[in-house]
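Student: Got a structure for you, data-v5.txt, holding compact mmCIF, C-alpha atoms.
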# COMPACT_ATOMS: atom_id res chain seq x y z
CA MET A 25 0.00 0.00 0.00
CA THR A 26 1.53 3.24 -1.14
CA ASP A 27 1.64 6.23 1.12
CA PRO A 28 -0.42 9.23 0.05
CA ALA A 29 1.49 11.99 -1.66
CA PRO A 30 2.53 14.66 0.80
CA SER A 31 0.45 17.78 0.59
CA PRO A 32 2.26 20.86 -0.61
CA VAL A 33 3.49 23.17 2.09
CA GLN A 34 1.05 26.01 2.43
CA ASP A 35 2.24 29.55 2.84
CA THR A 36 1.42 30.49 6.42
CA LYS A 37 2.98 33.92 6.20
CA PRO A 38 0.71 36.35 8.05
CA PRO A 39 -0.74 39.23 6.04
CA GLY A 40 1.00 42.56 6.23
CA PRO A 41 -0.37 45.51 8.18
CA TRP A 42 -1.67 47.30 5.09
CA ARG A 43 -3.52 44.20 3.90
CA MET A 44 -5.02 43.76 7.37
CA ALA A 45 -6.05 47.42 7.39
CA LEU A 46 -7.66 47.08 3.96
CA ARG A 47 -9.49 43.96 5.10
CA SER A 48 -10.75 45.74 8.21
CA LEU A 49 -11.81 48.76 6.15
CA SER A 50 -13.73 46.54 3.72
CA HIS A 51 -16.00 45.47 6.60
CA ASN A 52 -16.75 49.06 7.60
CA ARG A 53 -19.97 49.86 5.74
CA SER A 54 -20.01 53.50 6.78
CA ALA A 55 -16.51 54.09 5.44
CA LEU A 56 -17.30 52.26 2.19
CA PHE A 57 -20.49 54.27 1.68
CA SER A 58 -18.59 57.51 2.36
CA PHE A 59 -15.93 56.52 -0.15
CA ALA A 60 -18.64 55.75 -2.72
CA VAL A 61 -20.18 59.20 -2.15
CA LEU A 62 -16.81 60.87 -2.69
CA VAL A 63 -16.16 58.88 -5.87
CA PHE A 64 -19.62 59.71 -7.21
CA LEU A 65 -19.21 63.45 -6.59
CA ALA A 66 -15.70 63.46 -8.03
CA VAL A 67 -16.77 61.60 -11.19
CA ALA A 68 -19.84 63.83 -11.60
CA SER A 69 -17.65 66.92 -11.31
CA VAL A 70 -15.16 65.60 -13.85
CA LEU A 71 -18.04 65.03 -16.28
CA ALA A 72 -19.30 68.60 -15.87
CA PRO A 73 -18.47 69.66 -19.48
CA TYR A 74 -20.44 66.71 -20.87
CA TYR A 75 -23.42 67.52 -18.65
CA ALA A 76 -23.41 71.16 -19.72
CA ARG A 77 -23.08 70.32 -23.42
CA TYR A 78 -25.24 67.23 -23.90
CA VAL A 79 -27.77 67.41 -21.03
CA ALA A 80 -28.24 71.05 -20.04
CA HIS A 81 -27.38 72.41 -23.51
CA THR A 82 -26.01 75.62 -22.03
CA ASP A 83 -22.79 77.41 -21.22
CA PRO A 84 -22.77 77.99 -17.44
CA PHE A 85 -20.22 80.80 -17.72
CA ILE A 86 -22.16 83.07 -20.08
CA SER A 87 -24.94 85.40 -18.90
CA ASN A 88 -28.34 84.37 -20.29
CA VAL A 89 -30.80 86.83 -18.76
CA ALA A 90 -32.68 87.25 -22.05
CA GLY A 91 -32.87 83.53 -22.86
CA SER A 92 -35.73 81.06 -22.64
CA ILE A 93 -36.14 77.28 -22.35
CA MET A 94 -38.82 74.71 -23.10
CA VAL A 95 -40.61 73.36 -20.00
CA GLY A 96 -43.51 70.97 -20.48
CA GLY A 97 -43.75 71.84 -24.15
CA GLN A 98 -43.99 75.57 -23.44
CA GLU A 99 -41.38 78.26 -23.91
CA VAL A 100 -40.54 79.88 -20.56
CA ASP A 101 -38.33 82.91 -19.97
CA ILE A 102 -35.35 82.28 -17.74
CA MET A 103 -35.87 85.60 -15.95
CA GLN A 104 -39.47 85.93 -14.76
CA PRO A 105 -41.42 88.69 -12.97
CA ASN A 106 -41.34 88.59 -9.18
CA ASP A 107 -44.29 87.22 -7.23
CA ASN A 108 -44.94 90.50 -5.41
CA PRO A 109 -48.32 92.22 -6.00
CA LEU A 110 -46.81 94.80 -8.38
CA HIS A 111 -44.63 92.19 -10.16
CA LEU A 112 -41.65 94.51 -10.00
CA GLY A 113 -38.23 93.21 -10.85
CA LEU A 114 -37.19 89.86 -12.23
CA SER A 115 -36.24 86.58 -10.59
CA PRO A 116 -34.48 83.62 -12.22
CA ILE A 117 -36.45 80.52 -13.02
CA GLY A 118 -36.72 77.93 -10.26
CA PRO A 119 -35.83 74.24 -10.48
CA THR A 120 -37.31 72.46 -13.49
CA TRP A 121 -36.15 68.99 -12.29
CA HIS A 122 -35.16 67.87 -15.78
CA GLY A 123 -32.02 68.16 -17.90
CA SER A 124 -32.02 71.88 -18.66
CA TYR A 125 -31.90 74.14 -15.59
CA MET A 126 -32.62 71.21 -13.29
CA LEU A 127 -31.81 73.31 -10.19
CA GLY A 128 -32.92 76.60 -11.69
CA ALA A 129 -30.90 79.64 -12.69
CA ASP A 130 -28.90 82.27 -10.83
CA SER A 131 -29.19 86.04 -11.10
CA GLN A 132 -27.26 85.98 -14.41
CA GLY A 133 -29.50 83.33 -15.96
CA ARG A 134 -26.86 80.60 -15.73
CA ASP A 135 -27.65 76.95 -15.08
CA VAL A 136 -27.12 76.24 -11.36
CA ALA A 137 -26.71 72.46 -11.80
CA ALA A 138 -24.00 72.87 -14.43
CA ARG A 139 -22.20 75.48 -12.34
CA LEU A 140 -22.49 73.18 -9.33
CA LEU A 141 -20.58 70.45 -11.17
CA TYR A 142 -17.98 72.90 -12.48
CA GLY A 143 -17.61 74.34 -9.00
CA GLY A 144 -17.11 70.85 -7.60
CA ARG A 145 -14.16 70.35 -9.95
CA ASN A 146 -12.34 73.36 -8.50
CA SER A 147 -13.39 72.83 -4.88
CA LEU A 148 -12.41 69.16 -4.81
CA LEU A 149 -9.19 69.79 -6.75
CA ILE A 150 -8.12 72.62 -4.44
CA SER A 151 -8.96 70.72 -1.25
CA PHE A 152 -7.21 67.54 -2.43
CA CYS A 153 -4.05 69.31 -3.64
CA SER A 154 -3.98 71.47 -0.50
CA ALA A 155 -4.21 68.40 1.72
CA VAL A 156 -1.41 66.60 -0.18
CA LEU A 157 0.86 69.66 -0.13
CA CYS A 158 0.10 70.29 3.54
CA LEU A 159 0.92 66.71 4.50
CA ILE A 160 4.20 66.79 2.57
CA MET A 161 5.34 69.99 4.31
CA ALA A 162 3.99 68.84 7.68
CA ALA A 163 5.81 65.52 7.34
CA ALA A 164 9.08 67.31 6.62
CA VAL A 165 8.62 69.64 9.60
CA GLY A 166 7.36 66.95 11.98
CA ILE A 167 10.06 64.42 11.11
CA ALA A 168 12.83 67.03 11.34
CA ALA A 169 11.58 68.31 14.70
CA GLY A 170 10.87 64.91 16.22
CA PHE A 171 13.97 63.09 14.97
CA CYS A 172 16.60 65.81 15.33
CA GLY A 173 15.34 67.26 18.60
CA GLY A 174 17.31 69.92 20.45
CA PHE A 175 17.71 73.29 18.74
CA VAL A 176 15.96 72.17 15.54
CA ASP A 177 12.94 70.97 17.48
CA THR A 178 12.80 74.19 19.49
CA ILE A 179 12.88 76.46 16.43
CA LEU A 180 10.35 74.46 14.42
CA SER A 181 8.02 73.96 17.38
CA ARG A 182 7.98 77.68 18.21
CA MET A 183 7.24 78.50 14.57
CA MET A 184 4.34 76.06 14.63
CA ASP A 185 3.13 77.58 17.92
CA ILE A 186 3.09 81.04 16.35
CA MET A 187 1.10 79.78 13.37
CA TRP A 188 -1.18 77.81 15.71
CA SER A 189 -1.94 80.92 17.79
CA VAL A 190 -3.47 82.75 14.81
CA PRO A 191 -7.07 81.72 13.97
CA VAL A 192 -6.91 79.66 10.81
CA TYR A 193 -9.50 81.62 8.85
CA LEU A 194 -8.01 84.96 9.88
CA PHE A 195 -4.59 83.70 8.80
CA ALA A 196 -5.93 82.46 5.45
CA ILE A 197 -7.91 85.66 4.83
CA SER A 198 -4.88 87.82 5.60
CA LEU A 199 -2.67 85.89 3.19
CA SER A 200 -5.36 85.92 0.51
CA ILE A 201 -5.94 89.68 0.77
CA VAL A 202 -2.22 90.34 0.43
CA THR A 203 -1.83 88.14 -2.64
CA VAL A 204 -5.21 88.49 -4.39
CA SER A 205 -4.37 91.82 -6.05
CA ASP A 206 -0.83 91.28 -7.40
CA GLY A 207 -0.48 87.54 -7.05
CA LEU A 208 2.32 85.70 -5.26
CA HIS A 209 5.90 86.52 -6.22
CA LEU A 210 8.47 83.80 -5.46
CA GLY A 211 11.66 85.09 -7.00
CA PRO A 212 11.41 84.63 -10.77
CA PHE A 213 8.12 82.75 -10.39
CA VAL A 214 4.78 84.59 -10.20
CA ILE A 215 1.46 82.96 -9.32
CA GLU A 216 -1.36 85.13 -10.65
CA SER A 217 -4.40 85.86 -8.50
CA ASP A 218 -6.70 83.82 -10.76
CA ASN A 219 -4.43 80.76 -10.62
CA LEU A 220 -5.73 77.88 -8.51
CA LEU A 221 -2.21 77.36 -7.16
CA LEU A 222 -2.66 80.46 -5.02
CA PRO A 223 -5.50 79.17 -2.80
CA ILE A 224 -3.87 75.74 -2.80
CA CYS A 225 -0.62 77.13 -1.35
CA ILE A 226 -2.39 79.41 1.13
CA ILE A 227 -4.68 76.71 2.51
CA ALA A 228 -1.84 74.17 2.68
CA LEU A 229 0.31 76.63 4.62
CA VAL A 230 -2.25 77.50 7.30
CA TYR A 231 -2.96 73.85 8.17
CA ILE A 232 0.66 72.72 8.54
CA PRO A 233 0.63 72.98 12.38
CA TYR A 234 -2.48 70.79 12.61
CA ALA A 235 -0.69 67.94 10.82
CA ALA A 236 2.89 68.56 11.98
CA ARG A 237 2.13 68.19 15.69
CA PRO A 238 0.84 64.58 15.63
CA ILE A 239 3.60 63.61 13.19
CA ARG A 240 6.23 65.09 15.51
CA GLY A 241 4.79 63.15 18.46
CA ARG A 242 4.80 59.92 16.46
CA VAL A 243 8.43 60.45 15.38
CA MET A 244 9.54 61.19 18.94
CA ALA A 245 8.09 57.84 20.03
CA LEU A 246 9.73 56.04 17.10
CA ARG A 247 13.09 57.67 17.85
CA GLU A 248 13.27 55.71 21.11
CA ALA A 249 12.15 52.42 19.56
CA GLU A 250 14.51 49.45 19.70
CA PHE A 251 14.92 49.04 15.94
CA VAL A 252 15.89 52.71 15.58
CA MET A 253 18.34 52.50 18.48
CA ALA A 254 19.84 49.35 16.94
CA ALA A 255 20.27 51.12 13.60
CA ARG A 256 22.03 53.99 15.33
CA CYS A 257 24.37 51.62 17.16
CA LEU A 258 25.28 49.96 13.86
CA GLY A 259 26.28 53.33 12.45
CA VAL A 260 23.47 53.62 9.88
CA PRO A 261 23.33 57.18 8.48
CA ARG A 262 20.55 59.38 9.78
CA TRP A 263 19.01 59.95 6.38
CA ARG A 264 18.73 56.21 5.83
CA ILE A 265 17.10 55.73 9.23
CA VAL A 266 14.56 58.43 8.36
CA LEU A 267 13.77 56.94 4.95
CA GLN A 268 13.77 53.25 5.90
CA ASP A 269 12.58 53.23 9.53
CA ILE A 270 10.84 56.49 10.41
CA LEU A 271 8.95 57.43 7.24
CA PRO A 272 7.27 54.01 6.66
CA ASN A 273 5.97 54.04 10.23
CA VAL A 274 4.64 57.59 9.85
CA THR A 275 2.78 56.78 6.64
CA SER A 276 -0.24 55.42 8.52
CA THR A 277 -0.53 58.71 10.42
CA LEU A 278 -0.40 60.64 7.15
CA VAL A 279 -3.09 58.42 5.63
CA VAL A 280 -5.40 58.99 8.61
CA LEU A 281 -4.80 62.75 8.58
CA GLY A 282 -5.41 63.00 4.81
CA PRO A 283 -9.25 62.97 4.78
CA LEU A 284 -9.46 65.27 7.81
CA ILE A 285 -7.08 67.85 6.32
CA MET A 286 -8.96 67.66 3.02
CA ALA A 287 -12.27 68.33 4.80
CA MET A 288 -10.83 71.37 6.57
CA SER A 289 -9.27 72.56 3.31
CA LEU A 290 -12.64 72.34 1.56
CA LEU A 291 -14.26 74.47 4.26
CA ALA A 292 -11.43 77.02 4.08
CA GLU A 293 -11.62 77.20 0.29
CA SER A 294 -15.39 77.70 0.40
CA ALA A 295 -15.02 80.49 2.95
CA LEU A 296 -12.32 82.27 0.94
CA SER A 297 -14.27 81.96 -2.31
CA PHE A 298 -17.43 83.22 -0.61
CA LEU A 299 -15.47 86.33 0.41
CA SER A 300 -14.18 86.74 -3.19
CA ILE A 301 -10.56 86.13 -2.18
CA GLY A 302 -10.37 82.48 -3.22
CA VAL A 303 -11.35 81.19 -6.65
CA GLN A 304 -11.68 84.18 -8.97
CA ALA A 305 -14.21 84.73 -11.75
CA PRO A 306 -14.93 83.44 -14.31
CA ALA A 307 -14.00 80.17 -12.56
CA ALA A 308 -16.53 78.78 -10.10
CA SER A 309 -16.40 76.87 -6.83
CA TRP A 310 -18.97 75.89 -4.27
CA GLY A 311 -18.06 78.96 -2.24
CA THR A 312 -18.66 81.32 -5.17
CA LEU A 313 -21.99 79.62 -5.88
CA ILE A 314 -23.12 80.31 -2.31
CA GLN A 315 -22.10 83.92 -2.79
CA ASP A 316 -24.17 84.06 -6.01
CA GLY A 317 -27.20 82.75 -4.14
CA GLU A 318 -26.89 85.12 -1.18
CA GLY A 319 -29.16 87.73 -2.77
CA LEU A 320 -31.67 85.06 -3.88
CA ILE A 321 -32.00 83.27 -0.57
CA TYR A 322 -35.67 84.28 -0.17
CA THR A 323 -36.81 83.85 -3.78
CA ARG A 324 -34.55 81.09 -5.22
CA PRO A 325 -32.89 79.43 -2.20
CA MET A 326 -31.75 76.43 -4.26
CA VAL A 327 -28.94 78.56 -5.74
CA ALA A 328 -27.24 78.64 -2.31
CA ILE A 329 -28.65 75.43 -0.82
CA ALA A 330 -27.31 73.11 -3.55
CA PRO A 331 -23.59 73.96 -3.08
CA GLY A 332 -24.09 74.04 0.68
CA LEU A 333 -25.48 70.50 0.63
CA ALA A 334 -22.57 69.40 -1.56
CA ILE A 335 -20.08 70.81 0.95
CA ILE A 336 -21.88 69.10 3.83
CA ALA A 337 -21.93 65.76 1.99
CA VAL A 338 -18.21 65.87 1.17
CA VAL A 339 -17.13 67.00 4.65
CA LEU A 340 -19.24 64.33 6.38
CA ALA A 341 -18.00 61.64 3.98
CA LEU A 342 -14.37 62.63 4.56
CA ASN A 343 -14.77 62.62 8.33
CA ILE A 344 -16.45 59.20 8.33
CA LEU A 345 -13.79 57.85 5.98
CA GLY A 346 -11.07 59.31 8.21
CA ASP A 347 -12.58 57.57 11.25
CA GLY A 348 -12.70 54.30 9.33
CA LEU A 349 -9.06 54.64 8.30
CA ARG A 350 -8.06 55.43 11.86
CA ASP A 351 -9.81 52.31 13.18
CA ALA A 352 -8.40 50.13 10.41
CA LEU A 353 -4.80 51.32 10.84
CA ASP A 354 -4.79 51.17 14.64
CA VAL A 355 -2.93 47.95 15.48
CA ARG A 356 -4.06 47.73 19.09
CA ASP A 357 -7.73 48.13 18.23
CA ALA A 358 -7.39 45.51 15.48
CA SER A 359 -5.82 43.01 17.88
CA HIS A 360 -8.58 43.57 20.42
CA ARG A 361 -11.25 43.00 17.75
CA GLU A 362 -9.61 39.76 16.62
CA GLN A 363 -9.54 38.47 20.20
As structure tokens - that is how I would like this structure written.
Tutor:
Amino acid sequence: MTDPAPSPVQDTKPPGPWRMALRSLSHNRSALFSFAVLVFLAVASVLAPYYARYVAHTDPFISNVAGSIMVGGQEVDIMQPNDNPLHLGLSPIGPTWHGSYMLGADSQGRDVAARLLYGGRNSLLISFCSAVLCLIMAAAVGIAAGFCGGFVDTILSRMMDIMWSVPVYLFAISLSIVTVSDGLHLGPFVIESDNLLLPICIIALVYIPYAARPIRGRVMALREAEFVMAARCLGVPRWRIVLQDILPNVTSTLVVLGPLIMAMSLLAESALSFLSIGVQAPAASWGTLIQDGEGLIYTRPMVAIAPGLAIIAVVLALNILGDGLRDALDVRDASHREQ
């Protein structure tokens, strides 16, 4: 009787921390739904030109106060008489709930739905780029302060304390007012006031202390870890320790901070654009759309409500996603859940 063939040796290597985090995140329904909402809004904003051309059949950046559209087989003027007893003045058409002027028009006769999608492109782009730039600068500051310590830590920490002491919106407004007229001059390079790089740089700068502090604390704890001390004793250069030991262990902190910084950046961008010191005309953002609807809040509130709801949806989704990432990347919580 022949012995059965030995079974092949199975790979019992445990999954890595990132795979475990992804597996934990896949079971978080709230985080997955929030991510789906963000993807939907981002894709819809990217497709804004196609919506304006093939669905709304309008240019959302051209005034159309004398135009008209077909609603229910009837031709309707975009600007209509007010509902007051004397019918004085004109108000834009309200929501039609179909392709053309689905959310109504603004005071210039422009399609609100199309402008909402175009505004989402700029708002989401600025908030995402601001968050990435902020995290890069905050990582450099936090790692330098936490790893070097001493005089370097003192100087960088005091600079962060000074920036932290100024209210974030006051800081952002002050920088925007200074640069909105002549742009930002960086030696031979000039960033014009209508360039989206200007609000991206300003918003990224004001939120550096909020990301640099937790990174610095994480690096200070890693600096005393055994594997870092062993690398130092072996004479490994500092730059290699930072790149191979410190930075990979700080990546999880950066990933968790990403959605939160992006949510705060979106709120800051909307506030600056609402005050006309963020995204400049003819470009649109959700903040500029709210400004356009300020004078129509009693007659056509949808002009201001639609971008406001979009901001709320994105901020809530980013916060829920950030909480899900924090739970998934926290090793101690994951071990407790497995037990």
Student: Quick one: residues within 10 Å of Gly319 in chain A, all atoms listed in the file counted, chain neighbours fewer than 5 positions away excluded, as a PyMOL selection string?
Tutor: chain A and resi 130-131+314+324-325+327-328
Student: With only C-alpha atoms as the basis for distance, which of A:Leu49, A:Leu222, A:Met44, A:Ile117 is at the shortest distance from Glu293 in chain A?
Tutor: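 Looking only at the distances to Glu293 in chain A, the closest residue turns out to be A:Leu222.
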Student: Which protein, DNA or RNA residues have an atom at most 9 Å from (-16.4, 54.9, 3.3), counting all atoms listed in the file? List them as a short mmCIF file (atom, residue, chain, number, x, y, z; two decimals) with C-alpha atoms, keeping the file's coordinate frame.
Tutor:
data_model
loop_
_atom_site.label_atom_id
_atom_site.label_comp_id
_atom_site.auth_asym_id
_atom_site.auth_seq_id
_atom_site.Cartn_x
_atom_site.Cartn_y
_atom_site.Cartn_z
CA LEU A 49 -11.81 48.76 6.15
CA SER A 50 -13.73 46.54 3.72
CA ASN A 52 -16.75 49.06 7.60
CA ARG A 53 -19.97 49.86 5.74
CA SER A 54 -20.01 53.50 6.78
CA ALA A 55 -16.51 54.09 5.44
CA LEU A 56 -17.30 52.26 2.19
CA PHE A 57 -20.49 54.27 1.68
CA SER A 58 -18.59 57.51 2.36
CA PHE A 59 -15.93 56.52 -0.15
CA ALA A 60 -18.64 55.75 -2.72
CA VAL A 61 -20.18 59.20 -2.15
CA LEU A 62 -16.81 60.87 -2.69
CA ALA A 341 -18.00 61.64 3.98
CA LEU A 342 -14.37 62.63 4.56
CA ILE A 344 -16.45 59.20 8.33
CA LEU A 345 -13.79 57.85 5.98
CA GLY A 346 -11.07 59.31 8.21
CA GLY A 348 -12.70 54.30 9.33
CA LEU A 349 -9.06 54.64 8.30
#
Student: Select, from A:Phe64, A:Trp310, A:Phe298, A:Phe251, the residue with the minimum atom-to-atom distance to Gly144 in chain A, counting only C-alpha atoms.
Tutor: A:Trp310
Student: Please write as a PyMOL selection string the list of polymer residues whose atoms come within 8 Å of (-17.3, 83.9, 1.4), counting all atoms listed in the file and keeping to the coordinates of the file.
Tutor: chain A and resi 294-301+311-312+314-315
Student: Ranking A:Met288, A:Leu157, A:Arg262, A:Ser124 by minimum distance to Tyr78 in chain A and counting all atoms listed in the file, which one comes first?
Tutor: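 For Tyr78 in chain A, the nearest of the given residues is A:Ser124.
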Student: Select, from A:Pro41, A:Pro261, A:Pro84, A:Pro223, the residue with the minimum atom-to-atom distance to Leu141 in chain A, counting all atoms listed in the file.
Tutor: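 Looking at the shortest contact to Leu141 in chain A, the residue is A:Pro84.
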Student: Give me, please, the distance in Å between CA of Ile197 in chain A and CA of Ile227 in chain A, quoted to one decimal.
Tutor: 9.8 Å
Student: If you measure from CA of Ile226 in chain A to CA of Ala305 in chain A, what distance in Å do you get, rounded to one decimal?
Tutor: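 Going from CA of Ile226 in chain A over to CA of Ala305 in chain A covers 18.3 Å.
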Student: Which residue is closest to Ile224 in chain A? Choose from A:Asp177, A:Gly170, A:Ala164, A:Phe152 and count all atoms listed in the file.
Tutor: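 Of A:Asp177, A:Gly170, A:Ala164, A:Phe152, the one nearest Ile224 in chain A, counting all atoms listed in the file, is A:Phe152.
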Student: Between CA of Gln98 in chain A and CA of Trp121 in chain A, what distance in Å does the model show, to one decimal?
Tutor: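 Between these atoms lies a distance of 15.1 Å.
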Student: Near Met161 in chain A, within 10 Å and counting all atoms listed in the file, which residues show up once chain neighbours fewer than 6 positions away are dropped, as a list in words?
Tutor: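 Here the qualifying residues turn out to be Ile167, Ala228, Leu229, Tyr231, Ile232, Pro233, Ala235 and Ala236 of chain A.
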Student: Would you mind listing what lies within 10 Å of Gln304 in chain A as a VMD selection string, with only C-alpha atoms counted and same-chain residues fewer than 6 positions away left out?
Tutor: chain A and resid 204 217 to 220 297 312
Student: Would you mind telling me which residue in A:Thr277, A:Asn146, A:Ser289, A:Ser154 lies nearest to Ser69 in chain A when using only C-alpha atoms?
Tutor: A:Asn146
